[in-house]
Structure formats: C-alpha cells, structure tokens
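> Please find final_13.csv (CSV, C-alpha atoms) on the next line:
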chain,number,residue,atom,x,y,z
A,1,ARG,CA,15.7,-18.7,-14.0
A,2,LYS,CA,15.6,-22.4,-13.2
A,3,ILE,CA,11.9,-22.5,-13.9
A,4,PHE,CA,12.6,-21.1,-17.4
A,5,GLU,CA,15.3,-23.6,-18.0
A,6,GLU,CA,13.0,-26.5,-17.0
A,7,ALA,CA,10.2,-25.1,-19.2
A,8,LYS,CA,12.6,-25.0,-22.2
A,9,ARG,CA,13.8,-28.5,-21.4
A,10,GLN,CA,10.1,-29.6,-21.8
A,11,GLY,CA,9.9,-27.7,-25.1
A,12,LYS,CA,7.8,-24.8,-23.9
A,13,ILE,CA,8.0,-21.3,-25.2
A,14,THR,CA,9.0,-19.0,-22.3
A,15,ILE,CA,7.9,-15.4,-21.9
A,16,ALA,CA,9.1,-13.0,-19.2
A,17,GLY,CA,7.7,-9.6,-18.3
A,18,GLY,CA,7.5,-7.1,-15.5
A,19,ILE,CA,9.9,-4.9,-13.6
A,20,PHE,CA,12.6,-7.4,-12.9
A,21,PRO,CA,12.8,-8.9,-16.4
A,22,THR,CA,12.8,-5.4,-17.9
A,23,ALA,CA,15.8,-4.4,-15.8
A,24,ASN,CA,17.6,-7.8,-16.2
A,25,GLN,CA,16.7,-8.9,-19.8
A,26,ASP,CA,19.6,-11.3,-20.2
A,27,TYR,CA,19.4,-13.0,-16.8
A,28,LEU,CA,16.3,-15.1,-17.2
A,29,GLN,CA,17.2,-16.3,-20.7
A,30,ALA,CA,13.5,-16.3,-21.7
A,31,ASP,CA,12.6,-16.8,-25.4
A,32,TYR,CA,10.8,-13.5,-25.3
A,33,THR,CA,11.1,-10.6,-22.8
A,34,VAL,CA,8.3,-8.0,-22.7
A,35,VAL,CA,9.8,-4.7,-21.7
A,36,GLY,CA,7.8,-2.1,-19.8
A,37,GLU,CA,4.0,-2.2,-20.0
A,38,GLY,CA,2.9,-5.6,-21.3
A,39,GLU,CA,-0.8,-5.5,-22.1
A,40,GLN,CA,-0.7,-4.8,-25.8
A,41,THR,CA,2.8,-6.3,-26.4
A,42,LEU,CA,1.8,-9.7,-24.8
A,43,LEU,CA,-1.4,-9.8,-26.8
A,44,GLU,CA,0.3,-9.2,-30.1
A,45,LEU,CA,3.1,-11.6,-29.2
A,46,VAL,CA,0.7,-14.5,-28.4
A,47,GLN,CA,-1.4,-13.8,-31.5
A,48,ALA,CA,1.8,-13.9,-33.7
A,49,LEU,CA,2.9,-17.2,-32.1
A,50,GLU,CA,-0.5,-18.8,-32.5
A,51,LYS,CA,-0.3,-18.0,-36.3
A,52,GLY,CA,3.2,-19.3,-36.5
A,53,GLU,CA,4.5,-15.8,-37.5
A,54,ASP,CA,7.7,-14.1,-36.6
A,55,PRO,CA,6.7,-12.1,-33.5
A,56,ASN,CA,8.5,-8.9,-34.5
A,57,VAL,CA,6.2,-6.7,-32.3
A,58,LEU,CA,6.9,-3.5,-30.4
A,59,GLY,CA,7.8,-3.8,-26.8
A,60,LEU,CA,10.2,-6.8,-26.8
A,61,SER,CA,13.8,-6.8,-25.7
A,62,THR,CA,14.7,-7.4,-29.3
A,63,THR,CA,12.6,-4.6,-30.8
A,64,LYS,CA,11.8,-1.0,-30.1
A,65,ARG,CA,10.2,0.1,-26.9
A,66,ARG,CA,6.5,0.5,-27.1
A,67,PRO,CA,5.1,4.0,-26.3
A,68,ALA,CA,3.4,4.3,-22.9
A,69,ILE,CA,-0.3,3.7,-22.8
A,70,LYS,CA,-2.0,7.1,-22.6
A,71,ASN,CA,-5.4,6.1,-21.3
A,72,ILE,CA,-4.8,3.7,-18.4
A,73,ASP,CA,-8.5,3.9,-17.5
A,74,ALA,CA,-9.1,1.6,-20.5
A,75,ILE,CA,-7.1,-1.2,-18.9
A,76,LYS,CA,-9.7,-3.4,-17.2
A,77,PRO,CA,-8.6,-6.5,-15.2
A,78,ALA,CA,-10.5,-9.6,-16.4
A,79,TYR,CA,-11.4,-10.8,-13.0
A,80,ASP,CA,-14.5,-12.4,-14.4
A,81,LEU,CA,-12.3,-15.1,-15.9
A,82,LEU,CA,-10.9,-16.1,-12.5
A,83,PRO,CA,-12.5,-17.9,-9.6
A,84,MET,CA,-12.1,-14.9,-7.3
A,85,GLU,CA,-13.9,-16.6,-4.4
A,86,LEU,CA,-10.8,-18.8,-4.0
A,87,TYR,CA,-8.7,-15.8,-3.3
A,88,ARG,CA,-10.7,-13.4,-1.2
A,89,ASP,CA,-10.1,-15.2,2.1
A,90,HIS,CA,-6.3,-15.5,1.6
A,91,VAL,CA,-5.1,-12.3,-0.2
A,92,LYS,CA,-5.9,-8.6,-0.4
A,93,GLY,CA,-7.4,-7.0,-3.4
A,94,LEU,CA,-4.8,-5.1,-5.5
A,95,VAL,CA,-5.3,-1.9,-7.4
A,96,TYR,CA,-3.1,0.6,-9.2
A,97,SER,CA,-4.6,4.1,-9.2
A,98,SER,CA,-1.5,5.3,-11.1
A,99,ARG,CA,1.5,3.9,-12.9
A,100,GLY,CA,5.0,5.1,-12.6
A,101,CYS,CA,6.8,7.4,-10.2
A,102,VAL,CA,7.7,11.1,-10.2
A,103,ASN,CA,11.1,10.4,-8.6
A,104,ALA,CA,14.1,9.1,-10.5
A,105,CYS,CA,16.4,7.4,-7.9
A,106,ASP,CA,19.4,5.9,-9.6
A,107,PHE,CA,19.1,2.6,-7.7
A,108,CYS,CA,15.5,1.9,-8.5
A,109,THR,CA,14.2,-0.1,-11.5
A,110,VAL,CA,10.6,1.3,-11.3
A,111,SER,CA,11.1,4.6,-13.1
A,112,PRO,CA,12.7,3.1,-16.3
A,113,HIS,CA,10.1,0.4,-16.3
A,114,TRP,CA,7.3,2.9,-16.6
A,115,ASN,CA,9.1,5.1,-19.1
A,116,ARG,CA,10.1,7.6,-16.4
A,117,MET,CA,6.7,9.1,-16.1
A,118,GLN,CA,3.7,8.9,-13.8
A,119,ARG,CA,0.1,8.6,-15.1
A,120,HIS,CA,-3.1,8.6,-13.1
A,121,ARG,CA,-6.3,6.8,-13.5
A,122,SER,CA,-9.5,8.8,-13.0
A,123,ILE,CA,-10.9,8.6,-9.5
A,124,GLU,CA,-14.1,7.3,-11.0
A,125,SER,CA,-12.3,4.4,-12.5
A,126,VAL,CA,-10.5,3.5,-9.3
A,127,VAL,CA,-13.8,3.6,-7.2
A,128,GLU,CA,-15.4,1.3,-9.8
A,129,GLU,CA,-12.7,-1.2,-9.3
A,130,LEU,CA,-12.9,-0.9,-5.5
A,131,GLU,CA,-16.6,-1.5,-5.6
A,132,MET,CA,-16.0,-4.6,-7.7
A,133,TYR,CA,-13.7,-5.9,-5.0
A,134,LYS,CA,-16.3,-5.2,-2.3
A,135,ASP,CA,-19.0,-7.0,-4.3
A,136,LEU,CA,-16.6,-10.0,-4.6
A,137,GLY,CA,-16.3,-10.1,-0.8
A,138,PHE,CA,-12.9,-8.6,-0.3
A,139,ASN,CA,-12.4,-6.5,2.9
A,140,ILE,CA,-8.9,-5.2,2.4
A,141,VAL,CA,-7.5,-3.6,-0.8
A,142,ASN,CA,-3.8,-2.8,-1.3
A,143,PHE,CA,-3.0,0.3,-3.4
A,144,LYS,CA,0.1,-0.7,-5.4
A,145,ASP,CA,1.0,2.8,-6.5
A,146,GLU,CA,4.7,3.6,-6.0
A,147,SER,CA,3.6,6.5,-3.8
A,148,LEU,CA,-0.1,7.3,-3.3
A,149,THR,CA,0.7,10.6,-1.4
A,150,THR,CA,2.7,12.4,-4.1
A,151,ASP,CA,-0.3,14.4,-5.3
A,152,LYS,CA,-2.1,15.6,-2.2
A,153,GLU,CA,-5.0,17.2,-4.0
A,154,ARG,CA,-5.7,13.9,-5.8
A,155,LEU,CA,-5.2,11.8,-2.7
A,156,PHE,CA,-7.7,13.9,-0.7
A,157,ALA,CA,-10.3,13.7,-3.6
A,158,LEU,CA,-9.8,9.9,-3.6
A,159,ALA,CA,-10.1,9.6,0.1
A,160,LYS,CA,-13.4,11.6,0.0
A,161,GLU,CA,-14.8,9.1,-2.5
A,162,VAL,CA,-13.7,5.9,-0.7
A,163,LYS,CA,-14.7,7.0,2.8
A,164,GLY,CA,-17.6,5.0,4.0
A,165,MET,CA,-17.2,2.1,1.5
A,166,GLY,CA,-16.6,-0.3,4.4
A,167,LEU,CA,-13.2,-1.3,3.0
A,168,ARG,CA,-9.8,-1.1,4.7
A,169,PHE,CA,-6.7,0.0,2.6
A,170,LYS,CA,-3.0,-0.1,2.6
A,171,ALA,CA,-0.6,2.0,0.6
A,172,LYS,CA,3.0,3.1,0.0
A,173,ALA,CA,4.2,6.6,0.7
A,174,ARG,CA,7.4,8.6,1.2
A,175,LEU,CA,8.0,9.9,4.7
A,176,LYS,CA,8.3,13.5,3.5
A,177,ASP,CA,4.7,13.4,2.2
A,178,LEU,CA,3.2,12.2,5.5
A,179,ASP,CA,2.1,15.1,7.7
A,180,GLU,CA,-0.6,15.2,10.4
A,181,GLU,CA,-3.4,16.3,8.0
A,182,THR,CA,-2.6,13.7,5.4
A,183,LEU,CA,-2.5,10.9,7.9
A,184,SER,CA,-5.8,12.0,9.4
A,185,VAL,CA,-7.5,12.2,6.0
A,186,MET,CA,-6.2,8.7,5.1
A,187,HIS,CA,-7.3,7.2,8.4
A,188,GLU,CA,-10.8,8.6,8.1
A,189,ALA,CA,-11.0,7.1,4.6
A,190,GLY,CA,-10.1,3.6,5.8
A,191,PHE,CA,-6.3,3.4,5.4
A,192,ARG,CA,-4.8,1.3,8.2
A,193,GLU,CA,-1.4,0.4,6.8
A,194,ILE,CA,1.3,2.5,5.2
A,195,HIS,CA,4.6,1.2,3.8
A,196,THR,CA,7.4,3.6,3.6
A,197,GLY,CA,11.1,3.1,2.6
A,198,VAL,CA,14.2,4.2,4.4
A,199,GLU,CA,17.0,4.7,1.8
A,200,SER,CA,19.7,4.7,4.5
A,201,VAL,CA,20.3,5.1,8.2
A,202,THR,CA,23.6,6.8,7.6
A,203,HIS,CA,24.8,9.3,5.0
A,204,SER,CA,27.9,7.2,4.5
A,205,PHE,CA,25.8,4.9,2.4
A,206,GLU,CA,23.8,6.4,-0.5
A,207,LYS,CA,22.4,4.7,-3.5
A,208,GLY,CA,22.1,7.4,-6.2
A,209,VAL,CA,19.6,9.8,-4.5
A,210,SER,CA,20.7,13.3,-3.5
A,211,ARG,CA,21.8,13.8,0.1
A,212,GLU,CA,18.8,15.9,1.0
A,213,GLU,CA,16.5,13.1,-0.1
A,214,VAL,CA,18.1,10.4,2.0
A,215,VAL,CA,15.9,9.7,5.0
How does this structure look as structure tokens?

Amino acid sequence: RKIFEEAKRQGKITIAGGIFPTANQDYLQADYTVVGEGEQTLLELVQALEKGEDPNVLGLSTTKRRPAIKNIDAIKPAYDLLPMELYRDHVKGLVYSSRGCVNACDFCTVSPHWNRMQRHRSIESVVEELEMYKDLGFNIVNFKDESLTTDKERLFALAKEVKGMGLRFKAKARLKDLDEETLSVMHEAGFREIHTGVESVTHSFEKGVSREEVV
C-alpha cells in the first residue's frame, strides 16, 4: 500500500491485480484494480489510458466481472521480451497447467479469483512450455496449480509426457490425493518436492471447510 501511495505522490497511475487485490479491492487504494484474470482487461485498460479515454472496460473493480477465458492454451507468456538468462540461475521456472480449484474453502481467496471453476491446459501446451524452459537453461520448474493431483488421469498422462525430459519439478497437492501409486508416478516423472497444506492440527479450529476435510 505504501508503494502505491508513493507512486501516486509522484503523479503515477497505479494499477493493481492478482489474487490479493481481487479479494481486497479497497485496501491498496490503486487507481484501477483488475479483478480476476487480467490478461485482456489489462490490455484494454492500458490501451484506453494511452488514448486518453475513459477506461470503462470489463474486469475492473468499478465495472462488471469479465467472463473467464475459455481457451487458456491461447495464453502464451512473452518470455522472449525478457532477459531470461538473468533469472535461470536464481529462480525456478513457473508454469500453470491449470487455473482455479475444484474446492471452495470459505477462508480461501483462490476460488473466487478464478470464478469458482477449474480449467486445464492441454498437456501438449504444457510440455511445449516446459521444453522452452529447458532450452533456456532452467533445471527446475514449479507447477503453480492449486492442486496438481486432483485429476489423477490427467496427472498420470502429464507425468508420462514429462518423464525423461531431464527436468526436476515441484508441485502443490492435498494430502488426501497422495497415495503410494501417485507418489511413485510423480517421482519417476521428476517431481522432487510437493507442498501440501494443513488446515488445522485440531478440530477446535476450523476455517470454513467441513470437518471431514480438515487434515
């Protein structure tokens, strides 16, 4: 918030977007807040501002919510515009093979951010992006999906395609989805790190999930 305040003091136009701004639209006090998926909204917003027009575009906190993007395969990161060689030795590659989450925990801001649905990219599209990271010299790629293990059939198909690529992967998963077979398949495919969440260590503290879901 202080960064936005300083930017405004310097006469800059401030734009916020992402999961936190979507859930806390009034907190940052940005000039414009992009709600939910931002690719098309941000493009139209900047184009309107460049023309000096009133940016009354879909997807802002002051306008109607923009419908979810149907074909997320069409969203291609413009890595060719960045000096990726400056990053590869310091950070992991990042890839979303899906957007959203099938769960709807009351305490979580992820589900409303993604319009309370989950959409998958094609495996071919995901492999293409992984190959791009490999060509750029990255050794580790972080799957940023909210839970990569929800759809076992898709996970196993993906694991089959990435096995032998020479990359190492990390991912997020719910404990209930991790059985011996799943862990074995993921390890053979190159997964070496799995992040999982523990909602509570005691049933006396619950955050909006049903009791049987609390780990």
> Please provide as a PDB file with C-alpha atoms, in the coordinates of the input all residues within 6 Å of stretch 35-44 of chain A, with the sequence filter that same-chain residues fewer than 5 positions apart are discarded (counting only C-alpha atoms).

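File written: out.pdb
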ATOM      1  CA  THR A  22      12.800  -5.400 -17.900  1.00  0.00           C
ATOM      2  CA  GLY A  59       7.800  -3.800 -26.800  1.00  0.00           C
ATOM      3  CA  LEU A  60      10.200  -6.800 -26.800  1.00  0.00           C
ATOM      4  CA  HIS A 113      10.100   0.400 -16.300  1.00  0.00           C
ATOM      5  CA  TRP A 114       7.300   2.900 -16.600  1.00  0.00           C
TER       6      TRP A 114
END
> For the atom pair atom CA of A:Glu53 and atom CA of A:Leu82, what is the interatomic distance in Å to one decimal place?
29.4 Å
> Leaving out A:Glu5 and any residue of its chain fewer than 3 positions from it, which residues lie within 10 Å of it when counting only C-alpha atoms, given as a list in words?
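The contact residues come out as Arg1, Lys2, Lys8, Arg9, Gln10, Gly11, Lys12, Thr14, Leu28, Gln29 and Ala30 of chain A.
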> For a cut-off of 10 Å around (6.9, -8.0, -31.0), file coordinates, pick out all residues using only C-alpha atoms and list them as a ChimeraX atom specification.
/A:32-34,40-46,48,54-66
> Restrict the selected residues to C-alpha atoms and save them as a CSV table (one decimal), in the coordinates of the input.

chain,number,residue,atom,x,y,z
A,32,TYR,CA,10.8,-13.5,-25.3
A,33,THR,CA,11.1,-10.6,-22.8
A,34,VAL,CA,8.3,-8.0,-22.7
A,40,GLN,CA,-0.7,-4.8,-25.8
A,41,THR,CA,2.8,-6.3,-26.4
A,42,LEU,CA,1.8,-9.7,-24.8
A,43,LEU,CA,-1.4,-9.8,-26.8
A,44,GLU,CA,0.3,-9.2,-30.1
A,45,LEU,CA,3.1,-11.6,-29.2
A,46,VAL,CA,0.7,-14.5,-28.4
A,48,ALA,CA,1.8,-13.9,-33.7
A,54,ASP,CA,7.7,-14.1,-36.6
A,55,PRO,CA,6.7,-12.1,-33.5
A,56,ASN,CA,8.5,-8.9,-34.5
A,57,VAL,CA,6.2,-6.7,-32.3
A,58,LEU,CA,6.9,-3.5,-30.4
A,59,GLY,CA,7.8,-3.8,-26.8
A,60,LEU,CA,10.2,-6.8,-26.8
A,61,SER,CA,13.8,-6.8,-25.7
A,62,THR,CA,14.7,-7.4,-29.3
A,63,THR,CA,12.6,-4.6,-30.8
A,64,LYS,CA,11.8,-1.0,-30.1
A,65,ARG,CA,10.2,0.1,-26.9
A,66,ARG,CA,6.5,0.5,-27.1
> Quote the spacing between atom CA of A:Ala74 and atom CA of A:Cys105 in Å to one decimal place.
29.0 Å
> For a quick check of your reading of the model, name the residues lying within 9 Å of the coordinate (3.7, 9.1, -15.2), counting only C-alpha atoms, and write them as an MDAnalysis selection string.
chainID A and resid 98:102 111 114:120
> Provide the atom CA of A:Arg121 to atom CA of A:Pro77 distance in Å, to one decimal place.
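According to the coordinates, atom CA of A:Arg121 and atom CA of A:Pro77 are separated by 13.6 Å.
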> Identify which of the residues A:Asp31, A:Glu188, A:Glu193, A:Asp151 lies closest to A:Lys170, counting only C-alpha atoms when measuring atom-to-atom distances.
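Closest residue, counting only C-alpha atoms: A:Glu193.
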> I'd like a table as CSV: residues in stretch 42-123 of chain A with an atom no more than 6 Å from stretch 131-150 of chain A, each row giving the shortest atom pair and its distance in Å to one decimal, only C-alpha atoms counted, sorted by chain and rising residue number.

residue,atom,partner,partner_atom,distance
A:Arg88,CA,A:Phe138,CA,5.4
A:Lys92,CA,A:Val141,CA,5.3
A:Gly93,CA,A:Val141,CA,4.3
A:Leu94,CA,A:Asn142,CA,4.9
A:Val95,CA,A:Phe143,CA,5.1
A:Tyr96,CA,A:Lys144,CA,5.1
A:Ser98,CA,A:Asp145,CA,5.8
> Could you check the closest approach to A:Asp177 for each of A:Asp106, A:Lys152, A:Gln47, A:Gly190 and tell me which residue wins, using all atoms listed in the file?
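Using all atoms listed in the file, the shortest distance to A:Asp177 belongs to A:Lys152.
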> Which residue gives the smallest distance to A:Met165 among A:Ile69, A:Leu130, A:Ala7, A:Val110, with all atoms listed in the file counted?
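Checking each candidate against A:Met165, we get A:Leu130 as the closest.
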> Please determine, counting only C-alpha atoms, which residue among A:Ser97, A:Glu129, A:Lys163, A:Phe169 has the shortest atom-to-atom distance to A:Tyr79.
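Going through A:Ser97, A:Glu129, A:Lys163, A:Phe169 one by one, the smallest distance to A:Tyr79 is for A:Glu129.
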> Between A:Ala68, A:Leu49, A:Val91, A:Leu81, which is the closest to A:Pro112 once you count only C-alpha atoms?
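Going through A:Ala68, A:Leu49, A:Val91, A:Leu81 one by one, the smallest distance to A:Pro112 is for A:Ala68.
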